[in-house]
$ cat work-v4.cif   # mmCIF, all heavy atoms
data_protein
loop_
_atom_site.label_atom_id
_atom_site.label_comp_id
_atom_site.auth_asym_id
_atom_site.auth_seq_id
_atom_site.Cartn_x
_atom_site.Cartn_y
_atom_site.Cartn_z
N MET A 1 93.00 75.37 88.71
CA MET A 1 92.22 76.56 88.99
C MET A 1 91.12 76.19 89.99
O MET A 1 90.55 75.11 89.92
CB MET A 1 91.64 77.12 87.71
CG MET A 1 90.87 78.39 87.90
SD MET A 1 90.46 79.07 86.29
CE MET A 1 90.89 80.73 86.57
N VAL A 2 90.82 77.11 90.91
CA VAL A 2 89.82 76.87 91.95
C VAL A 2 88.44 77.16 91.40
O VAL A 2 88.22 78.17 90.74
CB VAL A 2 90.10 77.76 93.18
CG1 VAL A 2 89.02 77.56 94.23
CG2 VAL A 2 91.47 77.48 93.73
N LYS A 3 87.52 76.27 91.67
CA LYS A 3 86.15 76.46 91.22
C LYS A 3 85.46 77.47 92.14
O LYS A 3 85.54 77.37 93.35
CB LYS A 3 85.40 75.14 91.24
CG LYS A 3 84.00 75.22 90.70
CD LYS A 3 83.34 73.86 90.69
CE LYS A 3 81.93 73.98 90.15
NZ LYS A 3 81.23 72.69 90.20
N MET A 4 84.81 78.47 91.56
CA MET A 4 84.13 79.50 92.33
C MET A 4 82.82 78.95 92.89
O MET A 4 82.07 78.29 92.19
CB MET A 4 83.83 80.73 91.47
CG MET A 4 85.07 81.45 90.97
SD MET A 4 86.03 82.21 92.27
CE MET A 4 84.97 83.53 92.73
N THR A 5 82.58 79.22 94.13
CA THR A 5 81.32 78.85 94.76
C THR A 5 80.65 80.10 95.28
O THR A 5 81.25 81.18 95.29
CB THR A 5 81.54 77.86 95.93
OG1 THR A 5 82.29 78.52 96.94
CG2 THR A 5 82.26 76.61 95.47
N LYS A 6 79.44 79.98 95.75
CA LYS A 6 78.72 81.14 96.27
C LYS A 6 79.37 81.69 97.54
O LYS A 6 79.26 82.85 97.85
CB LYS A 6 77.27 80.78 96.56
CG LYS A 6 76.46 80.55 95.31
CD LYS A 6 75.02 80.30 95.64
CE LYS A 6 74.20 80.07 94.36
NZ LYS A 6 72.80 79.85 94.65
N LYS A 7 80.08 80.85 98.27
CA LYS A 7 80.71 81.27 99.52
C LYS A 7 81.98 82.08 99.29
O LYS A 7 82.41 82.81 100.16
CB LYS A 7 81.04 80.06 100.38
CG LYS A 7 79.82 79.34 100.88
CD LYS A 7 80.21 78.16 101.74
CE LYS A 7 78.97 77.40 102.20
NZ LYS A 7 79.34 76.24 103.02
N MET A 8 82.59 81.97 98.12
CA MET A 8 83.84 82.68 97.84
C MET A 8 83.53 84.02 97.17
O MET A 8 82.93 84.06 96.11
CB MET A 8 84.73 81.84 96.93
CG MET A 8 85.20 80.55 97.58
SD MET A 8 86.17 79.53 96.48
CE MET A 8 87.57 80.56 96.19
N PRO A 9 83.93 85.16 97.80
CA PRO A 9 83.67 86.46 97.18
C PRO A 9 84.59 86.67 95.98
O PRO A 9 85.69 86.13 95.92
CB PRO A 9 84.00 87.45 98.29
CG PRO A 9 84.99 86.73 99.14
CD PRO A 9 84.61 85.28 99.07
N LYS A 10 84.12 87.43 95.03
CA LYS A 10 84.93 87.76 93.86
C LYS A 10 85.91 88.87 94.24
O LYS A 10 85.55 89.84 94.88
CB LYS A 10 84.05 88.21 92.71
CG LYS A 10 83.17 87.11 92.18
CD LYS A 10 82.36 87.56 91.00
CE LYS A 10 81.48 86.43 90.48
NZ LYS A 10 80.67 86.86 89.35
N ILE A 11 87.14 88.71 93.83
CA ILE A 11 88.18 89.70 94.11
C ILE A 11 88.34 90.56 92.87
O ILE A 11 88.56 90.04 91.77
CB ILE A 11 89.50 89.01 94.48
CG1 ILE A 11 89.30 88.17 95.74
CG2 ILE A 11 90.60 90.04 94.69
CD1 ILE A 11 90.49 87.32 96.10
N PRO A 12 88.25 91.90 93.02
CA PRO A 12 88.40 92.76 91.85
C PRO A 12 89.82 92.70 91.30
O PRO A 12 90.77 92.42 92.01
CB PRO A 12 88.07 94.16 92.38
CG PRO A 12 88.20 94.07 93.84
CD PRO A 12 87.98 92.65 94.23
N ALA A 13 89.95 93.00 90.00
CA ALA A 13 91.26 92.97 89.35
C ALA A 13 92.19 94.03 89.93
O ALA A 13 93.37 93.80 90.11
CB ALA A 13 91.09 93.17 87.85
N ASP A 14 91.64 95.21 90.23
CA ASP A 14 92.42 96.30 90.82
C ASP A 14 91.83 96.67 92.19
O ASP A 14 91.06 97.63 92.30
CB ASP A 14 92.41 97.54 89.90
CG ASP A 14 93.09 97.26 88.58
OD1 ASP A 14 94.08 96.51 88.58
OD2 ASP A 14 92.63 97.79 87.55
N PRO A 15 92.16 95.93 93.25
CA PRO A 15 91.58 96.25 94.56
C PRO A 15 92.08 97.60 95.07
O PRO A 15 93.20 98.01 94.78
CB PRO A 15 92.06 95.10 95.45
CG PRO A 15 93.24 94.54 94.77
CD PRO A 15 93.07 94.81 93.31
N GLU A 16 91.24 98.29 95.80
CA GLU A 16 91.59 99.59 96.37
C GLU A 16 91.62 99.49 97.88
O GLU A 16 90.85 98.76 98.48
CB GLU A 16 90.58 100.64 95.96
CG GLU A 16 90.61 101.02 94.51
CD GLU A 16 89.64 102.15 94.20
OE1 GLU A 16 89.13 102.78 95.14
OE2 GLU A 16 89.41 102.39 93.02
N MET A 17 92.49 100.28 98.49
CA MET A 17 92.54 100.38 99.93
C MET A 17 92.43 101.85 100.28
O MET A 17 93.14 102.68 99.71
CB MET A 17 93.85 99.82 100.48
CG MET A 17 93.92 99.85 101.99
SD MET A 17 95.48 99.27 102.66
CE MET A 17 95.49 97.60 102.10
N THR A 18 91.53 102.18 101.16
CA THR A 18 91.36 103.57 101.57
C THR A 18 91.53 103.67 103.08
O THR A 18 91.35 102.71 103.81
CB THR A 18 89.97 104.10 101.18
OG1 THR A 18 88.99 103.30 101.83
CG2 THR A 18 89.76 104.05 99.69
N ILE A 19 91.88 104.87 103.51
CA ILE A 19 92.03 105.15 104.94
C ILE A 19 91.16 106.35 105.26
O ILE A 19 91.25 107.38 104.59
CB ILE A 19 93.49 105.45 105.29
CG1 ILE A 19 94.36 104.24 105.00
CG2 ILE A 19 93.61 105.87 106.75
CD1 ILE A 19 95.83 104.48 105.19
N ALA A 20 90.31 106.22 106.26
CA ALA A 20 89.47 107.33 106.69
C ALA A 20 90.05 107.91 107.98
O ALA A 20 90.22 107.20 108.96
CB ALA A 20 88.04 106.86 106.93
N SER A 21 90.40 109.18 107.95
CA SER A 21 90.99 109.80 109.14
C SER A 21 90.11 110.92 109.67
O SER A 21 90.52 111.65 110.55
CB SER A 21 92.38 110.33 108.81
OG SER A 21 92.30 111.32 107.82
N ASP A 22 88.93 111.07 109.12
CA ASP A 22 88.03 112.12 109.59
C ASP A 22 87.35 111.66 110.87
O ASP A 22 86.53 110.75 110.86
CB ASP A 22 86.98 112.43 108.52
CG ASP A 22 86.15 113.66 108.86
OD1 ASP A 22 86.49 114.34 109.83
OD2 ASP A 22 85.17 113.92 108.14
N GLN A 23 87.69 112.28 111.98
CA GLN A 23 87.15 111.85 113.27
C GLN A 23 85.67 112.17 113.40
O GLN A 23 85.00 111.64 114.28
CB GLN A 23 87.92 112.50 114.41
CG GLN A 23 89.34 111.99 114.51
CD GLN A 23 90.06 112.58 115.69
OE1 GLN A 23 89.53 113.42 116.40
NE2 GLN A 23 91.28 112.16 115.90
N LYS A 24 85.14 113.00 112.53
CA LYS A 24 83.72 113.33 112.59
C LYS A 24 82.85 112.15 112.18
O LYS A 24 81.67 112.12 112.46
CB LYS A 24 83.42 114.54 111.70
CG LYS A 24 84.08 115.81 112.19
CD LYS A 24 83.81 116.96 111.25
CE LYS A 24 84.57 118.20 111.71
NZ LYS A 24 84.39 119.30 110.79
N GLU A 25 83.46 111.16 111.52
CA GLU A 25 82.72 109.99 111.09
C GLU A 25 82.38 109.06 112.25
O GLU A 25 81.47 108.27 112.18
CB GLU A 25 83.53 109.18 110.07
CG GLU A 25 83.72 109.89 108.76
CD GLU A 25 84.55 109.05 107.79
OE1 GLU A 25 84.66 107.84 108.01
OE2 GLU A 25 85.07 109.61 106.83
N PHE A 26 83.14 109.16 113.34
CA PHE A 26 82.99 108.24 114.45
C PHE A 26 82.35 108.95 115.64
O PHE A 26 82.66 110.11 115.92
CB PHE A 26 84.34 107.67 114.86
CG PHE A 26 85.07 107.04 113.71
CD1 PHE A 26 86.12 107.69 113.10
CD2 PHE A 26 84.69 105.80 113.23
CE1 PHE A 26 86.79 107.11 112.03
CE2 PHE A 26 85.34 105.23 112.17
CZ PHE A 26 86.40 105.88 111.57
N GLN A 27 81.50 108.25 116.37
CA GLN A 27 80.91 108.82 117.56
C GLN A 27 81.96 108.85 118.66
O GLN A 27 82.73 107.92 118.83
CB GLN A 27 79.72 108.00 118.02
CG GLN A 27 78.55 108.06 117.08
CD GLN A 27 77.37 107.25 117.61
OE1 GLN A 27 77.50 106.50 118.55
NE2 GLN A 27 76.23 107.43 117.01
N GLN A 28 81.93 109.93 119.44
CA GLN A 28 82.88 110.04 120.52
C GLN A 28 82.44 109.18 121.69
O GLN A 28 81.27 109.16 122.06
CB GLN A 28 83.03 111.48 120.96
CG GLN A 28 83.73 112.34 119.93
CD GLN A 28 84.09 113.70 120.48
OE1 GLN A 28 83.70 114.06 121.57
NE2 GLN A 28 84.84 114.46 119.72
N GLY A 29 83.38 108.48 122.23
CA GLY A 29 83.12 107.65 123.40
C GLY A 29 84.05 108.06 124.51
O GLY A 29 84.76 109.06 124.43
N GLU A 30 84.06 107.28 125.55
CA GLU A 30 84.89 107.62 126.70
C GLU A 30 86.38 107.65 126.35
O GLU A 30 87.10 108.53 126.80
CB GLU A 30 84.63 106.63 127.83
CG GLU A 30 83.26 106.76 128.44
CD GLU A 30 83.03 105.74 129.54
OE1 GLU A 30 84.01 105.19 130.06
OE2 GLU A 30 81.88 105.51 129.88
N SER A 31 86.85 106.69 125.57
CA SER A 31 88.28 106.65 125.25
C SER A 31 88.68 107.84 124.38
O SER A 31 89.77 108.38 124.53
CB SER A 31 88.64 105.35 124.56
OG SER A 31 87.94 105.21 123.34
N VAL A 32 87.80 108.27 123.48
CA VAL A 32 88.10 109.43 122.63
C VAL A 32 88.12 110.69 123.48
O VAL A 32 89.01 111.53 123.33
CB VAL A 32 87.07 109.55 121.48
CG1 VAL A 32 87.32 110.80 120.67
CG2 VAL A 32 87.12 108.33 120.59
N ASP A 33 87.17 110.82 124.40
CA ASP A 33 87.13 111.98 125.29
C ASP A 33 88.38 112.02 126.17
O ASP A 33 88.98 113.07 126.37
CB ASP A 33 85.88 111.95 126.16
CG ASP A 33 84.61 112.16 125.37
OD1 ASP A 33 84.68 112.74 124.26
OD2 ASP A 33 83.54 111.73 125.85
N GLU A 34 88.77 110.85 126.69
CA GLU A 34 89.95 110.79 127.55
C GLU A 34 91.19 111.18 126.77
O GLU A 34 92.05 111.91 127.27
CB GLU A 34 90.10 109.38 128.11
CG GLU A 34 91.26 109.24 129.07
CD GLU A 34 91.38 107.84 129.64
OE1 GLU A 34 90.42 107.06 129.54
OE2 GLU A 34 92.46 107.52 130.17
N HIS A 35 91.30 110.71 125.53
CA HIS A 35 92.45 111.05 124.70
C HIS A 35 92.50 112.56 124.42
O HIS A 35 93.57 113.16 124.48
CB HIS A 35 92.40 110.26 123.39
CG HIS A 35 93.57 110.51 122.50
ND1 HIS A 35 94.81 109.99 122.73
CD2 HIS A 35 93.69 111.26 121.38
CE1 HIS A 35 95.64 110.40 121.80
NE2 HIS A 35 94.98 111.17 120.96
N ALA A 36 91.35 113.15 124.13
CA ALA A 36 91.31 114.60 123.88
C ALA A 36 91.73 115.36 125.12
O ALA A 36 92.45 116.37 125.03
CB ALA A 36 89.91 115.00 123.43
N ASN A 37 91.30 114.90 126.29
CA ASN A 37 91.69 115.55 127.54
C ASN A 37 93.19 115.44 127.76
O ASN A 37 93.84 116.40 128.21
CB ASN A 37 90.93 114.96 128.72
CG ASN A 37 89.46 115.31 128.70
OD1 ASN A 37 89.06 116.29 128.08
ND2 ASN A 37 88.65 114.51 129.37
N LEU A 38 93.77 114.29 127.47
CA LEU A 38 95.22 114.11 127.62
C LEU A 38 95.99 115.02 126.66
O LEU A 38 97.02 115.58 127.03
CB LEU A 38 95.61 112.65 127.38
CG LEU A 38 95.27 111.68 128.50
CD1 LEU A 38 95.55 110.25 128.06
CD2 LEU A 38 96.03 112.01 129.75
N GLU A 39 95.50 115.16 125.43
CA GLU A 39 96.16 116.05 124.48
C GLU A 39 96.16 117.49 124.99
O GLU A 39 97.16 118.19 124.89
CB GLU A 39 95.46 115.99 123.12
CG GLU A 39 95.78 114.75 122.33
CD GLU A 39 95.11 114.74 120.96
OE1 GLU A 39 94.17 115.54 120.73
OE2 GLU A 39 95.53 113.93 120.13
N THR A 40 95.04 117.92 125.55
CA THR A 40 94.94 119.28 126.08
C THR A 40 95.90 119.47 127.26
O THR A 40 96.59 120.49 127.36
CB THR A 40 93.50 119.58 126.53
OG1 THR A 40 92.64 119.39 125.41
CG2 THR A 40 93.35 121.00 127.02
N ALA A 41 95.95 118.49 128.16
CA ALA A 41 96.85 118.57 129.31
C ALA A 41 98.31 118.60 128.86
O ALA A 41 99.12 119.38 129.40
CB ALA A 41 96.61 117.40 130.24
N ASN A 42 98.67 117.78 127.89
CA ASN A 42 100.04 117.77 127.38
C ASN A 42 100.41 119.10 126.74
O ASN A 42 101.52 119.59 126.91
CB ASN A 42 100.23 116.64 126.38
CG ASN A 42 100.28 115.28 127.03
OD1 ASN A 42 100.56 115.17 128.21
ND2 ASN A 42 100.00 114.25 126.25
N GLU A 43 99.48 119.67 126.01
CA GLU A 43 99.74 120.96 125.36
C GLU A 43 99.99 122.04 126.40
O GLU A 43 100.92 122.85 126.27
CB GLU A 43 98.55 121.34 124.48
CG GLU A 43 98.78 122.60 123.67
CD GLU A 43 97.61 122.90 122.74
OE1 GLU A 43 96.99 121.94 122.24
OE2 GLU A 43 97.33 124.09 122.53
N THR A 44 99.20 122.04 127.45
CA THR A 44 99.36 123.03 128.51
C THR A 44 100.69 122.87 129.22
O THR A 44 101.42 123.84 129.45
CB THR A 44 98.20 122.92 129.54
OG1 THR A 44 96.97 123.08 128.85
CG2 THR A 44 98.32 123.96 130.61
N SER A 45 101.04 121.62 129.57
CA SER A 45 102.31 121.40 130.27
C SER A 45 103.49 121.71 129.36
O SER A 45 104.52 122.20 129.83
CB SER A 45 102.39 119.98 130.81
OG SER A 45 102.45 119.05 129.77
N ASN A 46 103.37 121.46 128.07
CA ASN A 46 104.45 121.79 127.14
C ASN A 46 104.65 123.30 127.05
O ASN A 46 105.78 123.76 126.98
CB ASN A 46 104.16 121.21 125.76
CG ASN A 46 104.31 119.71 125.72
OD1 ASN A 46 104.93 119.11 126.59
ND2 ASN A 46 103.73 119.09 124.72
N GLN A 47 103.58 124.05 127.05
CA GLN A 47 103.69 125.50 127.00
C GLN A 47 104.39 126.03 128.25
O GLN A 47 105.24 126.92 128.17
CB GLN A 47 102.31 126.15 126.86
CG GLN A 47 101.68 125.95 125.50
CD GLN A 47 100.25 126.46 125.44
OE1 GLN A 47 99.67 126.84 126.45
NE2 GLN A 47 99.68 126.46 124.25
N GLU A 48 104.06 125.46 129.41
CA GLU A 48 104.71 125.88 130.65
C GLU A 48 106.19 125.51 130.65
O GLU A 48 107.03 126.28 131.11
CB GLU A 48 104.01 125.23 131.85
CG GLU A 48 102.60 125.76 132.06
CD GLU A 48 101.84 125.00 133.14
OE1 GLU A 48 102.44 124.11 133.78
OE2 GLU A 48 100.66 125.30 133.33
N GLU A 49 106.52 124.34 130.11
CA GLU A 49 107.92 123.90 130.03
C GLU A 49 108.72 124.83 129.12
O GLU A 49 109.84 125.24 129.46
CB GLU A 49 107.99 122.46 129.52
CG GLU A 49 109.38 121.92 129.38
CD GLU A 49 110.04 121.65 130.71
OE1 GLU A 49 109.34 121.46 131.71
OE2 GLU A 49 111.29 121.64 130.75
N ILE A 50 108.17 125.19 127.98
CA ILE A 50 108.86 126.10 127.05
C ILE A 50 109.06 127.47 127.69
O ILE A 50 110.12 128.08 127.58
CB ILE A 50 108.08 126.20 125.72
CG1 ILE A 50 108.17 124.87 124.98
CG2 ILE A 50 108.62 127.34 124.86
CD1 ILE A 50 107.29 124.77 123.77
N ARG A 51 108.03 127.96 128.40
CA ARG A 51 108.13 129.25 129.08
C ARG A 51 109.24 129.22 130.11
O ARG A 51 110.07 130.12 130.20
CB ARG A 51 106.81 129.61 129.75
CG ARG A 51 106.83 130.96 130.49
CD ARG A 51 105.55 131.20 131.29
NE ARG A 51 105.25 130.14 132.23
CZ ARG A 51 105.85 129.99 133.43
NH1 ARG A 51 106.79 130.81 133.80
NH2 ARG A 51 105.50 128.99 134.23
N GLN A 52 109.33 128.14 130.89
CA GLN A 52 110.35 128.02 131.92
C GLN A 52 111.74 127.97 131.30
O GLN A 52 112.67 128.61 131.80
CB GLN A 52 110.10 126.79 132.76
CG GLN A 52 111.07 126.64 133.91
CD GLN A 52 110.77 125.42 134.76
OE1 GLN A 52 110.01 124.55 134.35
NE2 GLN A 52 111.40 125.33 135.91
N GLN A 53 111.90 127.22 130.21
CA GLN A 53 113.21 127.15 129.57
C GLN A 53 113.62 128.50 128.99
O GLN A 53 114.78 128.85 129.04
CB GLN A 53 113.20 126.09 128.47
CG GLN A 53 113.13 124.67 129.00
CD GLN A 53 113.09 123.64 127.90
OE1 GLN A 53 113.22 123.95 126.73
NE2 GLN A 53 112.93 122.39 128.30
N THR A 54 112.66 129.25 128.47
CA THR A 54 112.96 130.57 127.93
C THR A 54 113.41 131.53 129.04
O THR A 54 114.34 132.31 128.86
CB THR A 54 111.72 131.14 127.21
OG1 THR A 54 111.32 130.23 126.19
CG2 THR A 54 112.02 132.49 126.57
N GLU A 55 112.75 131.44 130.19
CA GLU A 55 113.14 132.30 131.31
C GLU A 55 114.52 131.96 131.85
O GLU A 55 115.23 132.82 132.36
CB GLU A 55 112.10 132.19 132.44
CG GLU A 55 110.79 132.86 132.10
CD GLU A 55 109.77 132.70 133.22
OE1 GLU A 55 110.06 132.03 134.23
OE2 GLU A 55 108.66 133.22 133.05
N ASN A 56 114.91 130.69 131.76
CA ASN A 56 116.21 130.27 132.28
C ASN A 56 117.37 130.69 131.39
O ASN A 56 118.51 130.61 131.80
CB ASN A 56 116.23 128.74 132.47
CG ASN A 56 115.36 128.30 133.60
OD1 ASN A 56 115.01 129.08 134.48
ND2 ASN A 56 114.97 127.04 133.59
N LEU A 57 117.08 131.12 130.16
CA LEU A 57 118.16 131.55 129.27
C LEU A 57 118.66 132.86 129.73
O LEU A 57 119.15 133.64 129.96
CB LEU A 57 117.67 131.65 127.83
CG LEU A 57 117.30 130.32 127.19
CD1 LEU A 57 116.76 130.57 125.79
CD2 LEU A 57 118.50 129.39 127.10
#
$ encode --input "work-v4.cif" --output "structure tokens"
Amino acid sequence: MVKMTKKMPKIPADPEMTIASDQKEFQQGESVDEHANLETANETSNQEEIRQQTENL
């Protein structure tokens, strides 16, 4: 058995893992703004593509 020292953290018997997906928790930076702009551009181009395919039917 390993002797516990002050440098070794104690591991809980039932460790938990959580995932935070709320974007409001994080400050927006340039990469987040750029990603949001790309999503908007993709949505617009997708709408135009769907409209064009519908007209071609």
$ atom_distance --input "work-v4.cif" --atom1 "CA of Arg51 in chain A" --atom2 "CB of Leu38 in chain A"
20.9 Å
$ atom_distance --input "work-v4.cif" --atom1 "atom O of Ser31 in chain A" --atom2 "atom N of Glu43 in chain A"
15.0 Å
$ atom_distance --input "work-v4.cif" --atom1 "atom N of His35 in chain A" --atom2 "atom N of Met17 in chain A"
29.0 Å
